[in-house]
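Comments concern the structure below.
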Amino acid sequence: MKLVKLETFSNEFVCFVRATAEDGAQGWGQVAPYCADITAQVLHRQVAPHVFGLECDAIDAMLDLVRDREHKFPGAYLRRAMGGVDTALWDMRGRREGKPVCALIGGTPGRVRAYGSSMKRDITPRDEAARLLRLRDEQGFDAFKFRIGAEVGRDRDEWPGRTEEIVPTMRRAMGDDVALLVDANSCYSPARAIEVGRMLQDNGISHYEEPCPYWEFAQTKEVTDALGIDITGGEQDCMMERWQTMIGDRVVDVIQPDICYLGGLSRTLRVARMAETAGLPVTPHAANLSMVTLFTMHLLRAIPNAGKYLEFSIEGLDYYPWQQGLFTSDPYRIEDGHATVTDAPGWGVEVSPDWLAQAQYWATEAE
C-alpha cells in the first residue's frame with residue numbers, strides 16, 4: 001500500500017506524526033524532541049514531497065530517496081524529520097500485522113533492564129545521591145547515570161570540585177551492587193578526560209559517556225585507548241559516514257545512537273548491524289519519556305548486540321513539563337528496575353486526544 005498522507009501535531013518540544021496509506025491504514029511516529037515545530041515544517045516541505053506514492057513497507061528505500069533528493073541538506077533537521085515518517089510507518093506495519101515492532105525486526109516482547117538517567121547538574125552530590133537511593137528502593141533500579149563536568153565545558157566543572165565530590169559520594173551511597181555510569185557531555189580535553197577517567201576507574205564507574213567534544217573523534221579515541229573503562233558516544237551523530245568512521249576506527253567502546261536524531265528505526269538498525277560486525281554493543285541514547293524511549297525498548301528487545309541497559313530518564317515535570325499527558329496510558333512503568341515491551345501492535349501506545357487537540361496541526365496529502 002502506498003503512502004498518501006502525513007499529518008503533524010506539534011508544539012515547541014514534541015511533534016507526533018500520523019502516516020496514512022491508500023487503504024486507510026495509519027500509524028503514529030515522532031520526530032526528535034526540541035524545536036519540534038521547526039522539524040514539522042521540514043517534514044512537510046522536504047520529506048513529504050519525495051515519499052508520497054511509495055510503498056509503506058519500503059522504508060529504507062524511502063529514506064535513501066529523501067537523503068538523495070535533499071543532498072544539499074545533510075544535517076540534523078532533515079534526519080529528525082525523516083525519523084518521524086520512519087517511526088510512523090513501523091507503527092502502521094505493526095498495527096496492520098497485529099505485531100509489536102520488536103517482533104517485526106526479529107525480537108520478542110518482554111522486559112528490558114533500565115538505568116535511571118539523571119539529567120541534572122544543578123544538584124548537589126548529596127541531594128543527587130539521596131534521590132537516586134530513593135528510586136533504587138522504590139523502583140528497583142540497579143544502575144544509574146549521573147552528570148560530571150559542565151556541558152561542552154572546556155574543562156570547567158559545573159562548579160569547582162563538583163565532579164571530584166559526586167563520584168565517590170555516589171559510590172559510597174550506592175555500594176558495590178549498583179552499576180554507576182557518568183555523562184560528561186563533551187566537557188573535556190583529552191588530558192583532562194583521562195585524568196577524570198582514572199578517578200572514575202578507581203571508583204568502579206563502568207560507563208564514561210562523551211568525555212570530549214563529540215565531533216572530535218581523534219580526541220575521544222585518545223581517551224578510549226588510554227583507559228580501561230567503557231568510553232561511549234554517538235548520540236548526536238546522524239550521518240552514516242560518521243558512524244562508519246566511529247565504528248571502523250573503534251573511537252568508542254559502546255555506541256549510543258538516538259533513534260530520533262539518526263533518522264528513525266531503519267537507519268538505527270543499519271548502525272546496529274555495523275556495530276555487530278565490529279563486535280561493539282549498542283546502548284542507545286533515550287533521554288526523555290516521549291516516544292523515543294519506547295522506540296529504544298523495541299530495538300533492544302530485537303538486536304543481538306544490545307547493550308546492558310535501556311536509558312530511562314528519571315526527570316519529572318520540574319525538568320520536562322512537556323512530558324505530561326502525551327499518551328492515553330503509561331508505557332513506562334518500571335518494576336524491579338525493568339521496563340516492559342508489551343505484545344500490543346506497533347509501538348503499543350496511543351497519543352492522547354486531549355494533547356492532540358491543543359497541538360499545532362499540519363497535513364500534506366499526495367496529489
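For the C-alpha cells, the naming scheme is as follows: chains receive sequential letters (A, B, ...) according to their order of presentation, residues are indexed from 1 within each chain, and ligands are indexed from 1 in presentation order.
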
Backbone DSSP call of strand (DSSP E) for segment 9-189 of chain A, listed as an MDAnalysis selection string: chainID A and resid 9:10 15:21 26:30 110:117 143:147 179:183

Taking N, CA, C and O atoms for each residue, export the selection above as a compact mmCIF listing (two decimals), in the first residue's frame.
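New file part-v7.txt:
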```
# COMPACT_ATOMS: atom_id res chain seq x y z
N PHE A 9 1.37 16.95 14.53
CA PHE A 9 0.76 17.60 15.68
C PHE A 9 1.91 18.02 16.57
O PHE A 9 2.61 17.17 17.13
N SER A 10 2.14 19.32 16.69
CA SER A 10 3.40 19.75 17.31
C SER A 10 3.22 20.91 18.26
O SER A 10 2.27 21.70 18.18
N CYS A 15 6.67 16.62 18.49
CA CYS A 15 5.88 16.56 17.26
C CYS A 15 5.56 15.11 16.95
O CYS A 15 6.48 14.32 16.67
N PHE A 16 4.29 14.75 17.05
CA PHE A 16 3.85 13.42 16.64
C PHE A 16 3.46 13.45 15.16
O PHE A 16 2.97 14.47 14.65
N VAL A 17 3.69 12.33 14.50
CA VAL A 17 3.43 12.20 13.07
C VAL A 17 2.45 11.07 12.85
O VAL A 17 2.62 9.97 13.40
N ARG A 18 1.41 11.34 12.07
CA ARG A 18 0.48 10.27 11.68
C ARG A 18 0.59 10.06 10.17
O ARG A 18 0.42 10.99 9.39
N ALA A 19 0.89 8.82 9.81
CA ALA A 19 1.00 8.44 8.41
C ALA A 19 -0.23 7.64 8.01
O ALA A 19 -0.71 6.80 8.78
N THR A 20 -0.73 7.88 6.80
CA THR A 20 -1.90 7.18 6.29
C THR A 20 -1.60 6.57 4.93
O THR A 20 -1.04 7.25 4.06
N ALA A 21 -1.98 5.31 4.77
CA ALA A 21 -1.81 4.61 3.50
C ALA A 21 -3.08 4.72 2.67
O ALA A 21 -4.14 5.14 3.16
N GLN A 26 -3.21 3.43 9.32
CA GLN A 26 -2.47 4.54 9.90
C GLN A 26 -1.45 4.06 10.92
O GLN A 26 -1.54 2.95 11.45
N GLY A 27 -0.49 4.92 11.18
CA GLY A 27 0.50 4.65 12.22
C GLY A 27 1.01 5.95 12.80
O GLY A 27 1.00 7.00 12.14
N TRP A 28 1.47 5.87 14.06
CA TRP A 28 1.98 7.03 14.78
C TRP A 28 3.48 6.94 14.97
O TRP A 28 4.02 5.89 15.34
N GLY A 29 4.14 8.06 14.72
CA GLY A 29 5.56 8.18 15.00
C GLY A 29 5.86 9.53 15.62
O GLY A 29 4.94 10.28 16.00
N GLN A 30 7.14 9.86 15.70
CA GLN A 30 7.53 11.11 16.35
C GLN A 30 8.86 11.58 15.80
O GLN A 30 9.76 10.77 15.56
N GLY A 110 8.84 -8.27 26.05
CA GLY A 110 9.42 -8.69 27.32
C GLY A 110 10.08 -7.54 28.04
O GLY A 110 9.92 -6.38 27.69
N ARG A 111 10.85 -7.88 29.05
CA ARG A 111 11.43 -6.87 29.93
C ARG A 111 12.78 -6.39 29.40
O ARG A 111 13.50 -7.11 28.71
N VAL A 112 13.10 -5.14 29.77
CA VAL A 112 14.38 -4.53 29.42
C VAL A 112 14.96 -3.90 30.68
O VAL A 112 14.29 -3.08 31.33
N ARG A 113 16.15 -4.29 31.05
CA ARG A 113 16.82 -3.68 32.20
C ARG A 113 17.08 -2.21 31.91
O ARG A 113 17.55 -1.84 30.84
N ALA A 114 16.76 -1.36 32.87
CA ALA A 114 16.90 0.08 32.69
C ALA A 114 17.90 0.66 33.68
O ALA A 114 18.07 0.15 34.78
N TYR A 115 18.58 1.71 33.25
CA TYR A 115 19.32 2.50 34.23
C TYR A 115 18.63 3.84 34.40
O TYR A 115 18.15 4.44 33.43
N GLY A 116 18.55 4.30 35.63
CA GLY A 116 17.95 5.58 35.92
C GLY A 116 18.90 6.69 35.51
O GLY A 116 20.03 6.77 36.01
N SER A 117 18.46 7.54 34.59
CA SER A 117 19.34 8.54 34.00
C SER A 117 18.99 9.93 34.52
O SER A 117 17.92 10.46 34.24
N ALA A 143 21.11 0.34 38.41
CA ALA A 143 22.10 1.09 37.65
C ALA A 143 21.61 2.53 37.51
O ALA A 143 20.41 2.77 37.32
N PHE A 144 22.54 3.47 37.60
CA PHE A 144 22.21 4.89 37.49
C PHE A 144 23.31 5.62 36.72
O PHE A 144 24.49 5.26 36.82
N LYS A 145 22.89 6.66 36.00
CA LYS A 145 23.86 7.57 35.37
C LYS A 145 23.68 8.97 35.94
O LYS A 145 22.55 9.43 36.10
N PHE A 146 24.79 9.62 36.23
CA PHE A 146 24.75 11.00 36.70
C PHE A 146 25.75 11.83 35.89
O PHE A 146 26.55 11.31 35.12
N ARG A 147 25.67 13.14 36.06
CA ARG A 147 26.42 14.07 35.22
C ARG A 147 27.69 14.55 35.92
O ARG A 147 27.68 14.84 37.12
N ALA A 179 25.42 -0.54 39.47
CA ALA A 179 26.28 -0.05 38.39
C ALA A 179 26.14 1.46 38.29
O ALA A 179 25.03 2.00 38.32
N LEU A 180 27.26 2.14 38.15
CA LEU A 180 27.26 3.60 38.03
C LEU A 180 27.86 4.02 36.70
O LEU A 180 28.92 3.53 36.29
N LEU A 181 27.17 4.96 36.04
CA LEU A 181 27.56 5.47 34.75
C LEU A 181 27.66 6.99 34.87
O LEU A 181 26.96 7.59 35.69
N VAL A 182 28.49 7.61 34.05
CA VAL A 182 28.58 9.07 34.06
C VAL A 182 28.51 9.60 32.63
O VAL A 182 28.86 8.92 31.67
N ASP A 183 28.07 10.85 32.52
CA ASP A 183 27.99 11.54 31.23
C ASP A 183 28.69 12.89 31.39
O ASP A 183 28.30 13.71 32.22
```

Shell of 12 Å around Asp202 of chain A, only C-alpha atoms, local chain residues under 3 positions omitted, as a PyMOL selection string: chain A and resi 164+167-168+171+195-199+205-206+227-229

Since we have the selection now, will you write its residues out, keeping N, CA, C and O atoms, as a compact mmCIF listing (two decimals), in the first residue's frame?
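After the write, out-v6.txt holds the following:
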```
# COMPACT_ATOMS: atom_id res chain seq x y z
N GLU A 164 34.78 15.88 41.46
CA GLU A 164 35.60 15.14 42.43
C GLU A 164 34.80 14.76 43.67
O GLU A 164 35.13 13.78 44.35
N VAL A 167 31.52 11.81 42.41
CA VAL A 167 31.87 10.43 42.03
C VAL A 167 32.03 9.54 43.27
O VAL A 167 31.33 8.51 43.39
N PRO A 168 32.87 9.86 44.23
CA PRO A 168 32.96 9.00 45.42
C PRO A 168 31.69 9.03 46.27
O PRO A 168 31.35 8.02 46.92
N ARG A 171 29.34 6.47 44.80
CA ARG A 171 29.78 5.09 45.06
C ARG A 171 29.56 4.72 46.52
O ARG A 171 29.08 3.61 46.81
N GLU A 195 42.52 12.12 32.97
CA GLU A 195 42.69 12.32 34.42
C GLU A 195 41.40 12.00 35.16
O GLU A 195 41.41 11.27 36.17
N VAL A 196 40.27 12.52 34.69
CA VAL A 196 38.98 12.23 35.31
C VAL A 196 38.66 10.74 35.18
O VAL A 196 38.16 10.11 36.12
N GLY A 197 38.97 10.17 34.03
CA GLY A 197 38.68 8.76 33.79
C GLY A 197 39.39 7.84 34.77
O GLY A 197 38.83 6.82 35.18
N ARG A 198 40.59 8.18 35.14
CA ARG A 198 41.30 7.35 36.12
C ARG A 198 40.63 7.40 37.48
O ARG A 198 40.55 6.40 38.20
N MET A 199 40.11 8.58 37.84
CA MET A 199 39.33 8.68 39.08
C MET A 199 38.06 7.84 38.97
O MET A 199 37.67 7.16 39.94
N ILE A 205 33.32 3.12 38.30
CA ILE A 205 32.37 3.59 37.29
C ILE A 205 32.57 2.76 36.02
O ILE A 205 33.71 2.53 35.60
N SER A 206 31.48 2.34 35.39
CA SER A 206 31.60 1.38 34.29
C SER A 206 31.34 1.97 32.91
O SER A 206 31.52 1.27 31.91
N LEU A 227 42.27 4.36 28.54
CA LEU A 227 41.56 3.91 29.74
C LEU A 227 40.99 2.50 29.58
O LEU A 227 40.74 2.05 28.46
N GLY A 228 40.76 1.86 30.71
CA GLY A 228 40.13 0.55 30.70
C GLY A 228 38.62 0.59 30.86
O GLY A 228 37.94 -0.40 30.66
N ILE A 229 38.08 1.76 31.21
CA ILE A 229 36.64 1.94 31.37
C ILE A 229 35.98 2.03 29.99
O ILE A 229 36.62 2.45 29.02
```

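Among the candidates A:Arg162, A:Gly325, A:Asp64, A:Thr296, the one nearest to Gln358 of chain A when counting only C-alpha atoms is A:Gly325.
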
Listing only residues of segment 149-184 of chain A within 10 Å of segment 120-129 of chain A, what is the closest atom pair and its distance in Å (to one decimal) for each, using only C-alpha atoms, sorted by chain and residue number ascending, as CSV?
```
residue,atom,partner,partner_atom,distance
A:Gly149,CA,A:Arg121,CA,8.4
A:Ala150,CA,A:Arg121,CA,7.7
A:Glu151,CA,A:Arg121,CA,8.9
A:Asp157,CA,A:Arg121,CA,9.7
A:Glu158,CA,A:Arg121,CA,6.8
A:Trp159,CA,A:Asp122,CA,9.1
A:Arg162,CA,A:Pro125,CA,7.3
A:Thr163,CA,A:Pro125,CA,8.7
A:Glu164,CA,A:Pro125,CA,9.8
A:Glu165,CA,A:Pro125,CA,6.7
A:Ile166,CA,A:Pro125,CA,4.7
A:Val167,CA,A:Pro125,CA,8.2
A:Pro168,CA,A:Pro125,CA,9.4
A:Thr169,CA,A:Pro125,CA,6.6
A:Met170,CA,A:Ala129,CA,5.7
A:Arg171,CA,A:Ala129,CA,9.0
A:Arg172,CA,A:Ala129,CA,9.2
A:Ala173,CA,A:Ala129,CA,6.4
A:Met174,CA,A:Ala129,CA,7.9
```

Please, could you write that set of residues out with N, CA, C and O atoms as an mmCIF file, in the first residue's frame?
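Listing of again07.cif after writing:
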```cif
data_model
loop_
_atom_site.group_PDB
_atom_site.id
_atom_site.type_symbol
_atom_site.label_atom_id
_atom_site.label_comp_id
_atom_site.auth_asym_id
_atom_site.auth_seq_id
_atom_site.Cartn_x
_atom_site.Cartn_y
_atom_site.Cartn_z
ATOM 1 N N GLY A 149 31.369 17.164 35.125
ATOM 2 C CA GLY A 149 31.808 18.278 34.307
ATOM 3 C C GLY A 149 30.675 19.244 34.015
ATOM 4 O O GLY A 149 29.606 19.199 34.627
ATOM 5 N N ALA A 150 30.911 20.141 33.050
ATOM 6 C CA ALA A 150 29.885 21.051 32.556
ATOM 7 C C ALA A 150 29.644 20.741 31.091
ATOM 8 O O ALA A 150 30.551 20.297 30.374
ATOM 9 N N GLU A 151 28.423 20.947 30.631
ATOM 10 C CA GLU A 151 28.074 20.609 29.259
ATOM 11 C C GLU A 151 28.906 21.438 28.281
ATOM 12 O O GLU A 151 28.899 22.673 28.334
ATOM 13 N N ASP A 157 34.179 22.644 35.438
ATOM 14 C CA ASP A 157 33.159 21.885 36.138
ATOM 15 C C ASP A 157 31.910 22.750 36.280
ATOM 16 O O ASP A 157 31.959 23.974 36.089
ATOM 17 N N GLU A 158 30.786 22.122 36.613
ATOM 18 C CA GLU A 158 29.569 22.903 36.824
ATOM 19 C C GLU A 158 29.788 23.918 37.939
ATOM 20 O O GLU A 158 29.318 25.045 37.865
ATOM 21 N N TRP A 159 30.480 23.487 38.989
ATOM 22 C CA TRP A 159 31.080 24.414 39.949
ATOM 23 C C TRP A 159 32.331 23.738 40.468
ATOM 24 O O TRP A 159 32.452 22.503 40.394
ATOM 25 N N ARG A 162 32.903 19.876 41.953
ATOM 26 C CA ARG A 162 31.694 19.048 41.967
ATOM 27 C C ARG A 162 31.974 17.629 41.496
ATOM 28 O O ARG A 162 31.505 16.668 42.118
ATOM 29 N N THR A 163 32.707 17.470 40.398
ATOM 30 C CA THR A 163 32.963 16.128 39.869
ATOM 31 C C THR A 163 33.740 15.286 40.868
ATOM 32 O O THR A 163 33.405 14.114 41.114
ATOM 33 N N GLU A 164 34.783 15.883 41.458
ATOM 34 C CA GLU A 164 35.599 15.144 42.430
ATOM 35 C C GLU A 164 34.798 14.759 43.672
ATOM 36 O O GLU A 164 35.130 13.782 44.348
ATOM 37 N N GLU A 165 33.733 15.502 43.942
ATOM 38 C CA GLU A 165 32.893 15.171 45.094
ATOM 39 C C GLU A 165 31.819 14.152 44.743
ATOM 40 O O GLU A 165 31.565 13.205 45.511
ATOM 41 N N ILE A 166 31.163 14.325 43.584
ATOM 42 C CA ILE A 166 29.992 13.492 43.314
ATOM 43 C C ILE A 166 30.360 12.047 43.018
ATOM 44 O O ILE A 166 29.619 11.119 43.368
ATOM 45 N N VAL A 167 31.520 11.808 42.413
ATOM 46 C CA VAL A 167 31.869 10.433 42.034
ATOM 47 C C VAL A 167 32.027 9.541 43.271
ATOM 48 O O VAL A 167 31.331 8.511 43.393
ATOM 49 N N PRO A 168 32.874 9.860 44.231
ATOM 50 C CA PRO A 168 32.957 8.997 45.419
ATOM 51 C C PRO A 168 31.692 9.032 46.275
ATOM 52 O O PRO A 168 31.350 8.024 46.915
ATOM 53 N N THR A 169 30.989 10.174 46.273
ATOM 54 C CA THR A 169 29.739 10.250 47.034
ATOM 55 C C THR A 169 28.735 9.234 46.517
ATOM 56 O O THR A 169 28.083 8.518 47.303
ATOM 57 N N MET A 170 28.593 9.138 45.194
ATOM 58 C CA MET A 170 27.650 8.185 44.615
ATOM 59 C C MET A 170 28.072 6.759 44.897
ATOM 60 O O MET A 170 27.235 5.895 45.201
ATOM 61 N N ARG A 171 29.337 6.474 44.801
ATOM 62 C CA ARG A 171 29.781 5.095 45.063
ATOM 63 C C ARG A 171 29.559 4.720 46.515
ATOM 64 O O ARG A 171 29.080 3.613 46.814
ATOM 65 N N ARG A 172 29.862 5.608 47.438
ATOM 66 C CA ARG A 172 29.627 5.290 48.854
ATOM 67 C C ARG A 172 28.145 5.078 49.115
ATOM 68 O O ARG A 172 27.749 4.165 49.848
ATOM 69 N N ALA A 173 27.296 5.916 48.537
ATOM 70 C CA ALA A 173 25.854 5.821 48.788
ATOM 71 C C ALA A 173 25.274 4.543 48.216
ATOM 72 O O ALA A 173 24.411 3.908 48.845
ATOM 73 N N MET A 174 25.712 4.142 47.041
ATOM 74 C CA MET A 174 25.106 3.001 46.342
ATOM 75 C C MET A 174 25.736 1.667 46.704
ATOM 76 O O MET A 174 25.136 0.616 46.478
#
```

7 Å contact set for segment 68-82 of chain A, only C-alpha atoms, chain neighbours under 6 positions out, as a compact mmCIF listing (two decimals) with N, CA, C and O atoms, in the first residue's frame:
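Written file, around.txt:
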```txt
# COMPACT_ATOMS: atom_id res chain seq x y z
N VAL A 31 8.99 12.88 15.58
CA VAL A 31 10.30 13.44 15.28
C VAL A 31 11.04 13.64 16.59
O VAL A 31 10.50 13.47 17.67
N ALA A 32 12.32 14.02 16.49
CA ALA A 32 13.10 14.24 17.70
C ALA A 32 12.56 15.43 18.49
O ALA A 32 12.11 16.42 17.92
N THR A 39 11.02 21.16 13.01
CA THR A 39 11.18 19.88 12.32
C THR A 39 9.92 19.51 11.56
O THR A 39 9.98 18.91 10.48
N ALA A 40 8.75 19.86 12.11
CA ALA A 40 7.50 19.58 11.40
C ALA A 40 7.47 20.28 10.05
O ALA A 40 7.02 19.71 9.04
N VAL A 42 10.06 21.08 8.24
CA VAL A 42 11.00 20.36 7.37
C VAL A 42 10.34 19.09 6.82
O VAL A 42 10.49 18.76 5.63
N LEU A 43 9.61 18.40 7.67
CA LEU A 43 8.95 17.17 7.24
C LEU A 43 8.00 17.44 6.07
O LEU A 43 8.02 16.73 5.06
N VAL A 47 10.48 16.36 3.13
CA VAL A 47 10.36 14.90 3.18
C VAL A 47 9.10 14.44 2.46
O VAL A 47 9.17 13.60 1.55
N CYS A 238 24.28 11.77 13.00
CA CYS A 238 23.15 11.40 12.17
C CYS A 238 23.57 11.04 10.74
O CYS A 238 22.71 10.71 9.93
N CYS A 260 15.68 8.91 17.16
CA CYS A 260 15.05 10.11 16.60
C CYS A 260 16.07 11.02 15.93
O CYS A 260 15.79 11.60 14.88
N TYR A 261 17.24 11.19 16.51
CA TYR A 261 18.26 12.05 15.92
C TYR A 261 18.82 11.45 14.62
O TYR A 261 19.15 12.17 13.68
N LEU A 262 18.96 10.14 14.60
CA LEU A 262 19.61 9.45 13.49
C LEU A 262 18.73 9.35 12.25
O LEU A 262 19.23 9.21 11.14
N GLY A 263 17.42 9.43 12.43
CA GLY A 263 16.53 9.38 11.28
C GLY A 263 15.58 8.21 11.28
O GLY A 263 15.02 7.87 10.24
N GLY A 264 15.39 7.57 12.45
CA GLY A 264 14.39 6.52 12.54
C GLY A 264 14.96 5.16 12.88
O GLY A 264 16.18 4.96 12.99
```

Pick from A:Asp336, A:Glu210, A:Asp37, A:Asp23 nearest to Ala359 of chain A, counting only C-alpha atoms: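 So, comparing all the options, the nearest one is A:Asp37.
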
Residues within 8 Å of segment 364-367 of chain A, only C-alpha atoms, excluding chain neighbours under 4 positions, as a list in words: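 The filter keeps Leu3, Val4, Lys5, Leu6, Glu7, His44, Ala48, Pro49, Phe52 and Gly53 of chain A.
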
Residue nearest Leu63 of chain A - candidates A:Val178, A:Arg136, A:Glu241, A:Leu265, atoms counted: only C-alpha atoms: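 Closest candidate: A:Leu265.
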
Residue nearest Gly153 of chain A - candidates A:Met239, A:Cys212, A:Ile105, A:Met274, atoms counted: only C-alpha atoms: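 Selected residue with least distance to Gly153 of chain A: A:Cys212.
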
Backbone-only DSSP, helix (DSSP H, G or I) members of segment 130-300 of chain A, as a PyMOL selection string: chain A and resi 130-139+162-174+190-202+217-226+240-248+259-262+265-278+291-300

Write the selection just made, keeping C-alpha atoms, as an mmCIF file, in the first residue's frame?
```
data_model
loop_
_atom_site.group_PDB
_atom_site.id
_atom_site.type_symbol
_atom_site.label_atom_id
_atom_site.label_comp_id
_atom_site.auth_asym_id
_atom_site.auth_seq_id
_atom_site.Cartn_x
_atom_site.Cartn_y
_atom_site.Cartn_z
ATOM 1 C CA ALA A 130 19.530 10.860 48.102
ATOM 2 C CA ARG A 131 17.096 10.921 45.175
ATOM 3 C CA LEU A 132 18.805 8.041 43.379
ATOM 4 C CA LEU A 133 18.745 5.956 46.549
ATOM 5 C CA ARG A 134 15.037 6.662 46.839
ATOM 6 C CA LEU A 135 14.463 5.489 43.261
ATOM 7 C CA ARG A 136 16.538 2.387 43.888
ATOM 8 C CA ASP A 137 14.340 1.475 46.811
ATOM 9 C CA GLU A 138 11.030 2.434 45.156
ATOM 10 C CA GLN A 139 11.541 1.095 41.630
ATOM 11 C CA ARG A 162 31.694 19.048 41.967
ATOM 12 C CA THR A 163 32.963 16.128 39.869
ATOM 13 C CA GLU A 164 35.599 15.144 42.430
ATOM 14 C CA GLU A 165 32.893 15.171 45.094
ATOM 15 C CA ILE A 166 29.992 13.492 43.314
ATOM 16 C CA VAL A 167 31.869 10.433 42.034
ATOM 17 C CA PRO A 168 32.957 8.997 45.419
ATOM 18 C CA THR A 169 29.739 10.250 47.034
ATOM 19 C CA MET A 170 27.650 8.185 44.615
ATOM 20 C CA ARG A 171 29.781 5.095 45.063
ATOM 21 C CA ARG A 172 29.627 5.290 48.854
ATOM 22 C CA ALA A 173 25.854 5.821 48.788
ATOM 23 C CA MET A 174 25.106 3.001 46.342
ATOM 24 C CA PRO A 190 41.847 14.506 26.202
ATOM 25 C CA ALA A 191 44.361 15.133 29.013
ATOM 26 C CA ARG A 192 41.672 16.185 31.483
ATOM 27 C CA ALA A 193 39.308 13.433 30.312
ATOM 28 C CA ILE A 194 41.957 10.824 31.005
ATOM 29 C CA GLU A 195 42.692 12.324 34.420
ATOM 30 C CA VAL A 196 38.979 12.229 35.315
ATOM 31 C CA GLY A 197 38.681 8.761 33.794
ATOM 32 C CA ARG A 198 41.301 7.346 36.122
ATOM 33 C CA MET A 199 39.330 8.677 39.078
ATOM 34 C CA LEU A 200 36.212 7.046 37.611
ATOM 35 C CA GLN A 201 38.016 3.731 37.302
ATOM 36 C CA ASP A 202 39.204 3.955 40.897
ATOM 37 C CA PHE A 217 36.789 11.722 17.064
ATOM 38 C CA ALA A 218 40.581 11.801 17.448
ATOM 39 C CA GLN A 219 40.270 13.278 20.935
ATOM 40 C CA THR A 220 37.723 10.682 22.030
ATOM 41 C CA LYS A 221 39.806 7.827 20.636
ATOM 42 C CA GLU A 222 42.806 9.062 22.602
ATOM 43 C CA VAL A 223 40.749 8.656 25.763
ATOM 44 C CA THR A 224 39.380 5.275 24.679
ATOM 45 C CA ASP A 225 42.886 3.972 24.040
ATOM 46 C CA ALA A 226 44.209 5.264 27.360
ATOM 47 C CA MET A 240 26.196 7.207 8.088
ATOM 48 C CA GLU A 241 29.740 8.197 7.159
ATOM 49 C CA ARG A 242 30.338 9.336 10.720
ATOM 50 C CA TRP A 243 29.112 6.007 12.023
ATOM 51 C CA GLN A 244 31.320 4.094 9.621
ATOM 52 C CA THR A 245 34.340 6.007 10.913
ATOM 53 C CA MET A 246 33.347 5.778 14.566
ATOM 54 C CA ILE A 247 32.837 2.033 14.385
ATOM 55 C CA GLY A 248 35.622 1.234 11.941
ATOM 56 C CA ILE A 259 16.686 6.699 17.040
ATOM 57 C CA CYS A 260 15.050 10.110 16.603
ATOM 58 C CA TYR A 261 18.263 12.053 15.916
ATOM 59 C CA LEU A 262 19.605 9.450 13.491
ATOM 60 C CA LEU A 265 14.447 2.849 13.393
ATOM 61 C CA SER A 266 15.523 1.663 9.946
ATOM 62 C CA ARG A 267 18.688 3.766 9.918
ATOM 63 C CA THR A 268 19.429 2.796 13.516
ATOM 64 C CA LEU A 269 19.212 -0.866 12.540
ATOM 65 C CA ARG A 270 21.854 -0.210 9.893
ATOM 66 C CA VAL A 271 24.162 1.257 12.513
ATOM 67 C CA ALA A 272 23.439 -1.624 14.901
ATOM 68 C CA ARG A 273 24.408 -4.106 12.184
ATOM 69 C CA MET A 274 27.681 -2.249 11.568
ATOM 70 C CA ALA A 275 28.404 -2.422 15.284
ATOM 71 C CA GLU A 276 27.514 -6.117 15.443
ATOM 72 C CA THR A 277 30.018 -6.883 12.700
ATOM 73 C CA ALA A 278 32.662 -4.962 14.651
ATOM 74 C CA MET A 291 8.190 8.066 22.227
ATOM 75 C CA VAL A 292 11.978 7.805 21.810
ATOM 76 C CA THR A 293 12.328 5.597 24.884
ATOM 77 C CA LEU A 294 9.576 3.321 23.582
ATOM 78 C CA PHE A 295 11.328 3.053 20.204
ATOM 79 C CA THR A 296 14.519 2.144 22.039
ATOM 80 C CA MET A 297 12.841 -0.530 24.145
ATOM 81 C CA HIS A 298 11.654 -2.303 20.999
ATOM 82 C CA LEU A 299 15.118 -2.049 19.430
ATOM 83 C CA LEU A 300 16.845 -3.519 22.473
#
```

One-decimal distance in Å that lies between atom CA of Cys102 of chain A and atom CA of Ala302 of chain A: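 Calculated distance between atom CA of Ala302 of chain A and atom CA of Cys102 of chain A is 5.7 Å.
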
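Atom pair atom CA of Gly83 of chain A / atom CA of Ala184 of chain A: separated by 26.4 Å.
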
From A:Tyr361, A:Phe141, A:Tyr208, A:Phe312, residue lying nearest Glu335 of chain A [only C-alpha atoms]: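 Looking only at the distances to Glu335 of chain A, the closest residue turns out to be A:Phe141.
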
Length of the atom CA of Pro211 of chain A to atom CA of Arg154 of chain A vector [Å]: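 Pair atom CA of Pro211 of chain A / atom CA of Arg154 of chain A returns 10.7 Å.
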
A:Met1, A:Val152, A:Leu280, A:Ala339 ranked by distance to Tyr309 of chain A, top pick (using only C-alpha atoms): A:Ala339
